[in-house]
Amino acid sequence: MRVIAGTAKGMHLDSVPGENTRPITDRAKEALFAILGEDIRGATMLDLFGGTGAVGIEALSRGAERVVFIERSRAALKVLNRNLERTRLADRGVVIHDDAFKFLAQPATMAFDVIFVAPPQYQGLWLKALQLIDRQPAWLAPEGQVIVQIHPKEYTEPGLAHLWRQDSRRYGSVQLDFYGRRVEAEVGHR
């Protein structure tokens, strides 16, 4: 696992031992950042289920202003902090030791331009996280995006009131779904 572009380009990232994290493939990560393009520069990002930090670190390397990583596993936190230090991006990364669902259940303290959701597979956790964001859309900036990484077989219609699926892309066993906020006038006419 490596950083693909930006100030930390080519740097290798440590993995979390065991099967509890699901790092994004380089192919899917490259495609994700090609889609985000220059919009990542100066953006704020919430990386739920931070794991190794691969996605958030890639965002920082490409010019994101700040990434907040939420991770509950102590083993993953050690690896995440080590990867931030190694890439010299720790000054723009905020690591919070918390459960992603408890974090999202709190009143939003800021609106993020990008929220990345990539929990362990086949447990319905992506849906629970997406529905929590939908209940408190203030977590997402008006023009922001929630990006969900799942296995294609995991997808089910989420039944959302404030978010809508703008796009879906598949890269082998990785599916990336992009959600945006509905315009308030649209919500009333649903």
# chains A, B, ... in the order shown; residues from 1 in each chain; ligands from 1
call {"tool": "residues_around", "arguments": {"residues": "Thr52 in chain A", "least_positions_apart": "6", "cutoff": "10 Å", "atoms": "only C-alpha atoms", "output": "list in words"}}
result
Met1, Leu13, Asp14, Ser15, Val16, Thr21, Arg22, Pro23, Ile24, Phe69, Glu71, Ala75, Ala76, Leu77, Lys78, Val79, Leu80, Asn81, Arg82, Asn83 and Leu84 of chain A
call {"tool": "select_by_dssp", "arguments": {"residues": "range 67-164 of chain A", "states": "helix (DSSP H, G or I)", "output": "ChimeraX atom specification"}}
result
/A:74-86,90-92,100-105,125-135,137-139,152-154
call {"tool": "write_last_selection", "arguments": {"atoms": "N, CA and C atoms", "output": "compact mmCIF listing (two decimals), in the first residue's frame"}}
result
# COMPACT_ATOMS: atom_id res chain seq x y z
N ARG A 74 -7.45 0.15 18.76
CA ARG A 74 -6.15 0.66 19.23
C ARG A 74 -5.02 0.26 18.29
N ALA A 75 -5.09 -0.96 17.74
CA ALA A 75 -4.05 -1.41 16.80
C ALA A 75 -4.05 -0.54 15.55
N ALA A 76 -5.23 -0.25 15.03
CA ALA A 76 -5.33 0.60 13.84
C ALA A 76 -4.87 2.02 14.15
N LEU A 77 -5.19 2.53 15.34
CA LEU A 77 -4.77 3.88 15.71
C LEU A 77 -3.25 4.02 15.69
N LYS A 78 -2.55 2.99 16.20
CA LYS A 78 -1.08 3.03 16.20
C LYS A 78 -0.55 3.10 14.77
N VAL A 79 -1.10 2.27 13.89
CA VAL A 79 -0.66 2.25 12.50
C VAL A 79 -1.00 3.58 11.81
N LEU A 80 -2.20 4.08 12.03
CA LEU A 80 -2.64 5.34 11.44
C LEU A 80 -1.73 6.49 11.85
N ASN A 81 -1.45 6.61 13.13
CA ASN A 81 -0.57 7.68 13.61
C ASN A 81 0.84 7.53 13.04
N ARG A 82 1.33 6.29 12.96
CA ARG A 82 2.66 6.03 12.40
C ARG A 82 2.69 6.44 10.91
N ASN A 83 1.63 6.10 10.17
CA ASN A 83 1.57 6.46 8.75
C ASN A 83 1.51 7.98 8.56
N LEU A 84 0.78 8.67 9.41
CA LEU A 84 0.73 10.14 9.33
C LEU A 84 2.10 10.75 9.60
N GLU A 85 2.80 10.22 10.60
CA GLU A 85 4.14 10.73 10.93
C GLU A 85 5.11 10.45 9.79
N ARG A 86 5.08 9.23 9.26
CA ARG A 86 5.99 8.83 8.18
C ARG A 86 5.82 9.73 6.95
N ALA A 90 1.02 14.67 9.63
CA ALA A 90 0.32 14.63 10.92
C ALA A 90 -0.21 16.00 11.35
N ASP A 91 0.42 17.08 10.89
CA ASP A 91 -0.01 18.42 11.30
C ASP A 91 -1.38 18.79 10.72
N ARG A 92 -1.83 18.08 9.65
CA ARG A 92 -3.14 18.38 9.07
C ARG A 92 -4.14 17.24 9.27
N ALA A 100 -17.38 5.21 15.25
CA ALA A 100 -17.92 6.07 14.19
C ALA A 100 -19.40 6.38 14.40
N PHE A 101 -20.17 5.42 14.89
CA PHE A 101 -21.60 5.63 15.08
C PHE A 101 -21.89 6.58 16.24
N LYS A 102 -21.13 6.46 17.31
CA LYS A 102 -21.28 7.41 18.43
C LYS A 102 -20.89 8.82 17.99
N PHE A 103 -19.82 8.90 17.19
CA PHE A 103 -19.37 10.18 16.68
C PHE A 103 -20.46 10.84 15.83
N LEU A 104 -21.05 10.09 14.91
CA LEU A 104 -22.07 10.64 14.01
C LEU A 104 -23.38 10.96 14.73
N ALA A 105 -23.63 10.31 15.85
CA ALA A 105 -24.86 10.55 16.61
C ALA A 105 -24.82 11.88 17.35
N LEU A 125 -22.68 -2.08 8.13
CA LEU A 125 -22.20 -0.89 8.83
C LEU A 125 -22.19 0.34 7.94
N TRP A 126 -21.94 0.15 6.64
CA TRP A 126 -21.95 1.28 5.71
C TRP A 126 -23.34 1.91 5.67
N LEU A 127 -24.37 1.07 5.70
CA LEU A 127 -25.75 1.55 5.64
C LEU A 127 -26.11 2.31 6.91
N LYS A 128 -25.70 1.77 8.05
CA LYS A 128 -25.97 2.43 9.33
C LYS A 128 -25.28 3.81 9.37
N ALA A 129 -24.03 3.87 8.91
CA ALA A 129 -23.30 5.15 8.90
C ALA A 129 -23.96 6.14 7.95
N LEU A 130 -24.33 5.69 6.77
CA LEU A 130 -24.97 6.56 5.78
C LEU A 130 -26.31 7.09 6.30
N GLN A 131 -27.07 6.24 6.95
CA GLN A 131 -28.36 6.67 7.50
C GLN A 131 -28.18 7.66 8.65
N LEU A 132 -27.13 7.50 9.44
CA LEU A 132 -26.86 8.48 10.50
C LEU A 132 -26.50 9.84 9.91
N ILE A 133 -25.70 9.85 8.85
CA ILE A 133 -25.36 11.11 8.17
C ILE A 133 -26.63 11.72 7.59
N ASP A 134 -27.49 10.89 7.02
CA ASP A 134 -28.75 11.37 6.45
C ASP A 134 -29.64 12.03 7.51
N ARG A 135 -29.62 11.48 8.72
CA ARG A 135 -30.43 12.06 9.82
C ARG A 135 -29.85 13.39 10.31
N PRO A 137 -27.71 15.82 8.36
CA PRO A 137 -26.98 16.25 7.15
C PRO A 137 -26.03 17.42 7.37
N ALA A 138 -26.09 18.05 8.53
CA ALA A 138 -25.17 19.15 8.82
C ALA A 138 -23.72 18.68 8.87
N TRP A 139 -23.48 17.36 8.96
CA TRP A 139 -22.11 16.85 8.89
C TRP A 139 -21.50 17.09 7.52
N PRO A 152 -19.72 -4.87 -4.16
CA PRO A 152 -20.96 -4.70 -4.93
C PRO A 152 -22.14 -5.53 -4.41
N LYS A 153 -21.87 -6.70 -3.85
CA LYS A 153 -22.96 -7.55 -3.34
C LYS A 153 -23.59 -7.00 -2.07
N GLU A 154 -22.94 -6.05 -1.43
CA GLU A 154 -23.46 -5.46 -0.19
C GLU A 154 -24.56 -4.43 -0.44
call {"tool": "atom_distance", "arguments": {"atom1": "CA of Asp167 in chain A", "atom2": "CA of Leu36 in chain A"}}
result
12.3 Å
call {"tool": "closest_atom_pairs", "arguments": {"of": "range 9-41 of chain A", "to": "range 140-145 of chain A", "cutoff": "12 Å", "atoms": "only C-alpha atoms", "output": "JSON lines"}}
result
{"residue": "A:Ile35", "atom": "CA", "partner": "A:Gln145", "partner_atom": "CA", "distance": 11.6}
{"residue": "A:Leu36", "atom": "CA", "partner": "A:Gln145", "partner_atom": "CA", "distance": 9.7}
{"residue": "A:Asp39", "atom": "CA", "partner": "A:Gly144", "partner_atom": "CA", "distance": 10.0}
{"residue": "A:Ile40", "atom": "CA", "partner": "A:Gly144", "partner_atom": "CA", "distance": 10.7}
call {"tool": "select_by_dssp", "arguments": {"residues": "range 9-85 of chain A", "states": "strand (DSSP E or B)", "output": "list in words"}}
result
His12, Thr44, Met45, Leu46, Asp47, Leu48, Arg66, Val67, Val68, Phe69, Ile70 and Glu71 of chain A
call {"tool": "write_last_selection", "arguments": {"atoms": "N, CA and C atoms", "output": "CSV table (one decimal), in the first residue's frame"}}
result
chain,number,residue,atom,x,y,z
A,12,HIS,N,5.4,4.3,1.3
A,12,HIS,CA,4.7,3.1,1.7
A,12,HIS,C,4.0,3.3,3.0
A,44,THR,N,-12.0,19.8,3.4
A,44,THR,CA,-12.0,19.1,4.7
A,44,THR,C,-12.6,17.7,4.5
A,45,MET,N,-12.1,16.7,5.1
A,45,MET,CA,-12.5,15.4,5.0
A,45,MET,C,-12.7,14.7,6.3
A,46,LEU,N,-13.8,13.9,6.4
A,46,LEU,CA,-14.0,13.0,7.5
A,46,LEU,C,-13.8,11.6,7.0
A,47,ASP,N,-12.8,10.9,7.6
A,47,ASP,CA,-12.5,9.5,7.2
A,47,ASP,C,-13.0,8.6,8.3
A,48,LEU,N,-14.3,8.2,8.2
A,48,LEU,CA,-14.8,7.2,9.2
A,48,LEU,C,-14.1,5.9,9.0
A,66,ARG,N,-7.6,19.6,5.8
A,66,ARG,CA,-7.6,18.8,7.0
A,66,ARG,C,-8.4,17.5,6.8
A,67,VAL,N,-8.0,16.5,7.5
A,67,VAL,CA,-8.7,15.2,7.5
A,67,VAL,C,-8.9,14.8,9.0
A,68,VAL,N,-10.1,14.5,9.3
A,68,VAL,CA,-10.4,14.0,10.6
A,68,VAL,C,-10.6,12.5,10.5
A,69,PHE,N,-9.8,11.7,11.2
A,69,PHE,CA,-9.9,10.2,11.1
A,69,PHE,C,-10.6,9.7,12.4
A,70,ILE,N,-11.6,8.9,12.2
A,70,ILE,CA,-12.3,8.3,13.3
A,70,ILE,C,-11.9,6.8,13.3
A,71,GLU,N,-11.4,6.3,14.4
A,71,GLU,CA,-11.0,4.9,14.5
A,71,GLU,C,-11.2,4.4,15.9
call {"tool": "closest_residue", "arguments": {"among": "A:Leu176, A:Leu60, A:Leu89, A:Ile96", "to": "Arg41 in chain A", "atoms": "only C-alpha atoms"}}
result
A:Leu60
call {"tool": "residues_around", "arguments": {"residues": "Gly6 in chain A", "least_positions_apart": "6", "cutoff": "12 Å", "atoms": "only C-alpha atoms", "output": "PyMOL selection string"}}
result
chain A and resi 33+38+40-41+57-64+87+89
call {"tool": "write_last_selection", "arguments": {"atoms": "N, CA and C atoms", "output": "compact mmCIF listing (two decimals), in the first residue's frame"}}
result
# COMPACT_ATOMS: atom_id res chain seq x y z
N PHE A 33 -9.65 9.35 -6.60
CA PHE A 33 -9.03 10.68 -6.62
C PHE A 33 -9.03 11.30 -8.01
N GLU A 38 -9.27 18.16 -8.69
CA GLU A 38 -8.75 19.32 -7.96
C GLU A 38 -9.66 19.74 -6.80
N ILE A 40 -10.28 18.24 -4.23
CA ILE A 40 -9.74 17.80 -2.95
C ILE A 40 -8.81 18.87 -2.36
N ARG A 41 -8.26 19.72 -3.21
CA ARG A 41 -7.37 20.79 -2.71
C ARG A 41 -8.15 21.75 -1.81
N ILE A 57 -4.89 10.01 4.08
CA ILE A 57 -3.50 10.41 3.82
C ILE A 57 -3.32 10.77 2.35
N GLU A 58 -3.95 10.03 1.46
CA GLU A 58 -3.90 10.37 0.03
C GLU A 58 -4.50 11.76 -0.19
N ALA A 59 -5.62 12.04 0.49
CA ALA A 59 -6.26 13.35 0.36
C ALA A 59 -5.33 14.46 0.86
N LEU A 60 -4.69 14.24 2.01
CA LEU A 60 -3.76 15.24 2.54
C LEU A 60 -2.58 15.43 1.60
N SER A 61 -2.05 14.34 1.08
CA SER A 61 -0.92 14.42 0.16
C SER A 61 -1.28 15.23 -1.09
N ARG A 62 -2.55 15.17 -1.49
CA ARG A 62 -3.00 15.88 -2.69
C ARG A 62 -3.54 17.29 -2.38
N GLY A 63 -3.38 17.74 -1.15
CA GLY A 63 -3.70 19.13 -0.84
C GLY A 63 -4.94 19.39 -0.01
N ALA A 64 -5.57 18.35 0.55
CA ALA A 64 -6.70 18.59 1.45
C ALA A 64 -6.22 19.43 2.63
N THR A 87 4.59 10.08 6.62
CA THR A 87 4.31 10.89 5.44
C THR A 87 4.45 12.40 5.71
N LEU A 89 2.46 14.29 7.39
CA LEU A 89 1.16 14.94 7.20
C LEU A 89 0.38 15.03 8.51
call {"tool": "residues_around", "arguments": {"residues": "Ser173 in chain A", "least_positions_apart": "3", "cutoff": "10 Å", "atoms": "only C-alpha atoms", "output": "PDB file with N, CA and C atoms, in the first residue's frame"}}
result
ATOM      1  N   THR A  25      -8.054  -0.760  -2.615  1.00  0.00           N
ATOM      2  CA  THR A  25      -7.048  -1.149  -3.605  1.00  0.00           C
ATOM      3  C   THR A  25      -6.469   0.108  -4.253  1.00  0.00           C
ATOM      4  N   ALA A  28      -8.742   1.307  -7.115  1.00  0.00           N
ATOM      5  CA  ALA A  28      -9.939   2.040  -6.689  1.00  0.00           C
ATOM      6  C   ALA A  28      -9.572   3.406  -6.106  1.00  0.00           C
ATOM      7  N   ILE A 150     -17.930  -0.189  -0.713  1.00  0.00           N
ATOM      8  CA  ILE A 150     -18.518  -1.473  -0.349  1.00  0.00           C
ATOM      9  C   ILE A 150     -18.153  -2.530  -1.387  1.00  0.00           C
ATOM     10  N   HIS A 151     -18.440  -3.765  -1.076  1.00  0.00           N
ATOM     11  CA  HIS A 151     -18.397  -4.822  -2.085  1.00  0.00           C
ATOM     12  C   HIS A 151     -19.720  -4.715  -2.834  1.00  0.00           C
ATOM     13  N   PRO A 152     -19.717  -4.865  -4.162  1.00  0.00           N
ATOM     14  CA  PRO A 152     -20.960  -4.704  -4.928  1.00  0.00           C
ATOM     15  C   PRO A 152     -22.138  -5.533  -4.412  1.00  0.00           C
ATOM     16  N   LYS A 153     -21.873  -6.698  -3.852  1.00  0.00           N
ATOM     17  CA  LYS A 153     -22.955  -7.549  -3.344  1.00  0.00           C
ATOM     18  C   LYS A 153     -23.593  -6.995  -2.072  1.00  0.00           C
ATOM     19  N   ARG A 170     -17.684   0.860 -10.186  1.00  0.00           N
ATOM     20  CA  ARG A 170     -17.221  -0.449  -9.748  1.00  0.00           C
ATOM     21  C   ARG A 170     -15.820  -0.718 -10.282  1.00  0.00           C
TER      22      ARG A 170
END
call {"tool": "closest_residue", "arguments": {"among": "A:Val146, A:Tyr171, A:Glu65, A:Val94", "to": "Glu30 in chain A", "atoms": "only C-alpha atoms"}}
result
A:Tyr171
call {"tool": "closest_residue", "arguments": {"among": "A:Gly50, A:Gly93, A:Gly172, A:Gly56", "to": "Ala118 in chain A", "atoms": "only C-alpha atoms"}}
result
A:Gly50
call {"tool": "atom_distance", "arguments": {"atom1": "CA of Ala108 in chain A", "atom2": "CA of Ala34 in chain A"}}
result
28.5 Å
call {"tool": "closest_residue", "arguments": {"among": "A:Lys29, A:Gln136, A:Tyr155, A:Pro17", "to": "Gln123 in chain A", "atoms": "only C-alpha atoms"}}
result
A:Tyr155
call {"tool": "atom_distance", "arguments": {"atom1": "CA of Gln175 in chain A", "atom2": "CA of Pro158 in chain A"}}
result
15.0 Å
call {"tool": "decode", "arguments": {"residues": "range 84-167 of chain A", "atoms": "C-alpha atoms", "output": "PDB file, in the first residue's frame"}}
result
ATOM      1  CA  LEU A  84       0.728  10.140   9.328  1.00  0.00           C
ATOM      2  CA  GLU A  85       4.140  10.730  10.931  1.00  0.00           C
ATOM      3  CA  ARG A  86       5.991   8.835   8.182  1.00  0.00           C
ATOM      4  CA  THR A  87       4.314  10.894   5.438  1.00  0.00           C
ATOM      5  CA  ARG A  88       4.888  14.145   7.379  1.00  0.00           C
ATOM      6  CA  LEU A  89       1.165  14.937   7.204  1.00  0.00           C
ATOM      7  CA  ALA A  90       0.323  14.629  10.916  1.00  0.00           C
ATOM      8  CA  ASP A  91      -0.014  18.417  11.300  1.00  0.00           C
ATOM      9  CA  ARG A  92      -3.137  18.379   9.071  1.00  0.00           C
ATOM     10  CA  GLY A  93      -4.589  15.101  10.300  1.00  0.00           C
ATOM     11  CA  VAL A  94      -6.763  14.856  13.413  1.00  0.00           C
ATOM     12  CA  VAL A  95      -7.056  11.333  14.822  1.00  0.00           C
ATOM     13  CA  ILE A  96     -10.008  10.669  17.120  1.00  0.00           C
ATOM     14  CA  HIS A  97     -10.287   7.435  19.080  1.00  0.00           C
ATOM     15  CA  ASP A  98     -14.032   6.861  18.941  1.00  0.00           C
ATOM     16  CA  ASP A  99     -16.757   4.655  17.541  1.00  0.00           C
ATOM     17  CA  ALA A 100     -17.919   6.070  14.187  1.00  0.00           C
ATOM     18  CA  PHE A 101     -21.602   5.626  15.079  1.00  0.00           C
ATOM     19  CA  LYS A 102     -21.279   7.413  18.431  1.00  0.00           C
ATOM     20  CA  PHE A 103     -19.367  10.185  16.680  1.00  0.00           C
ATOM     21  CA  LEU A 104     -22.074  10.639  14.012  1.00  0.00           C
ATOM     22  CA  ALA A 105     -24.865  10.546  16.606  1.00  0.00           C
ATOM     23  CA  GLN A 106     -23.495  13.743  18.186  1.00  0.00           C
ATOM     24  CA  PRO A 107     -24.598  17.132  16.869  1.00  0.00           C
ATOM     25  CA  ALA A 108     -22.393  18.086  13.912  1.00  0.00           C
ATOM     26  CA  THR A 109     -19.455  20.237  14.998  1.00  0.00           C
ATOM     27  CA  MET A 110     -18.453  21.097  11.435  1.00  0.00           C
ATOM     28  CA  ALA A 111     -19.526  20.403   7.859  1.00  0.00           C
ATOM     29  CA  PHE A 112     -17.102  18.317   5.798  1.00  0.00           C
ATOM     30  CA  ASP A 113     -16.550  18.598   2.056  1.00  0.00           C
ATOM     31  CA  VAL A 114     -15.954  14.835   1.800  1.00  0.00           C
ATOM     32  CA  ILE A 115     -17.048  12.044   4.128  1.00  0.00           C
ATOM     33  CA  PHE A 116     -15.481   8.670   3.358  1.00  0.00           C
ATOM     34  CA  VAL A 117     -17.251   5.556   4.689  1.00  0.00           C
ATOM     35  CA  ALA A 118     -15.425   2.202   4.392  1.00  0.00           C
ATOM     36  CA  PRO A 119     -16.269  -0.115   7.315  1.00  0.00           C
ATOM     37  CA  PRO A 120     -15.659  -3.881   7.497  1.00  0.00           C
ATOM     38  CA  GLN A 121     -17.635  -5.737   4.823  1.00  0.00           C
ATOM     39  CA  TYR A 122     -20.922  -7.645   5.030  1.00  0.00           C
ATOM     40  CA  GLN A 123     -22.082  -6.261   8.363  1.00  0.00           C
ATOM     41  CA  GLY A 124     -24.383  -3.502   7.134  1.00  0.00           C
ATOM     42  CA  LEU A 125     -22.200  -0.894   8.834  1.00  0.00           C
ATOM     43  CA  TRP A 126     -21.955   1.280   5.707  1.00  0.00           C
ATOM     44  CA  LEU A 127     -25.751   1.550   5.640  1.00  0.00           C
ATOM     45  CA  LYS A 128     -25.966   2.429   9.330  1.00  0.00           C
ATOM     46  CA  ALA A 129     -23.301   5.149   8.901  1.00  0.00           C
ATOM     47  CA  LEU A 130     -24.969   6.563   5.777  1.00  0.00           C
ATOM     48  CA  GLN A 131     -28.357   6.673   7.496  1.00  0.00           C
ATOM     49  CA  LEU A 132     -26.857   8.483  10.500  1.00  0.00           C
ATOM     50  CA  ILE A 133     -25.364  11.109   8.174  1.00  0.00           C
ATOM     51  CA  ASP A 134     -28.750  11.372   6.447  1.00  0.00           C
ATOM     52  CA  ARG A 135     -30.426  12.063   9.816  1.00  0.00           C
ATOM     53  CA  GLN A 136     -27.878  14.802  10.552  1.00  0.00           C
ATOM     54  CA  PRO A 137     -26.980  16.247   7.153  1.00  0.00           C
ATOM     55  CA  ALA A 138     -25.172  19.153   8.823  1.00  0.00           C
ATOM     56  CA  TRP A 139     -22.108  16.849   8.893  1.00  0.00           C
ATOM     57  CA  LEU A 140     -21.878  17.373   5.123  1.00  0.00           C
ATOM     58  CA  ALA A 141     -21.189  20.717   3.441  1.00  0.00           C
ATOM     59  CA  PRO A 142     -23.997  21.792   1.067  1.00  0.00           C
ATOM     60  CA  GLU A 143     -21.927  20.896  -2.018  1.00  0.00           C
ATOM     61  CA  GLY A 144     -20.096  18.029  -0.314  1.00  0.00           C
ATOM     62  CA  GLN A 145     -20.068  14.311  -1.026  1.00  0.00           C
ATOM     63  CA  VAL A 146     -20.365  11.154   1.028  1.00  0.00           C
ATOM     64  CA  ILE A 147     -18.363   8.380  -0.608  1.00  0.00           C
ATOM     65  CA  VAL A 148     -19.117   4.819   0.428  1.00  0.00           C
ATOM     66  CA  GLN A 149     -16.768   1.905  -0.312  1.00  0.00           C
ATOM     67  CA  ILE A 150     -18.518  -1.473  -0.349  1.00  0.00           C
ATOM     68  CA  HIS A 151     -18.397  -4.822  -2.085  1.00  0.00           C
ATOM     69  CA  PRO A 152     -20.960  -4.704  -4.928  1.00  0.00           C
ATOM     70  CA  LYS A 153     -22.955  -7.549  -3.344  1.00  0.00           C
ATOM     71  CA  GLU A 154     -23.460  -5.463  -0.192  1.00  0.00           C
ATOM     72  CA  TYR A 155     -25.511  -2.753  -1.873  1.00  0.00           C
ATOM     73  CA  THR A 156     -29.099  -2.288  -0.862  1.00  0.00           C
ATOM     74  CA  GLU A 157     -31.340   0.739  -1.359  1.00  0.00           C
ATOM     75  CA  PRO A 158     -30.630   2.935   1.693  1.00  0.00           C
ATOM     76  CA  GLY A 159     -33.941   4.862   1.800  1.00  0.00           C
ATOM     77  CA  LEU A 160     -32.562   8.360   2.436  1.00  0.00           C
ATOM     78  CA  ALA A 161     -34.366  11.656   2.994  1.00  0.00           C
ATOM     79  CA  HIS A 162     -31.558  14.235   2.745  1.00  0.00           C
ATOM     80  CA  LEU A 163     -28.956  12.452   0.619  1.00  0.00           C
ATOM     81  CA  TRP A 164     -29.170  10.984  -2.868  1.00  0.00           C
ATOM     82  CA  ARG A 165     -26.896   8.681  -4.822  1.00  0.00           C
ATOM     83  CA  GLN A 166     -25.282  10.761  -7.559  1.00  0.00           C
ATOM     84  CA  ASP A 167     -23.028   8.086  -9.027  1.00  0.00           C
TER      85      ASP A 167
END
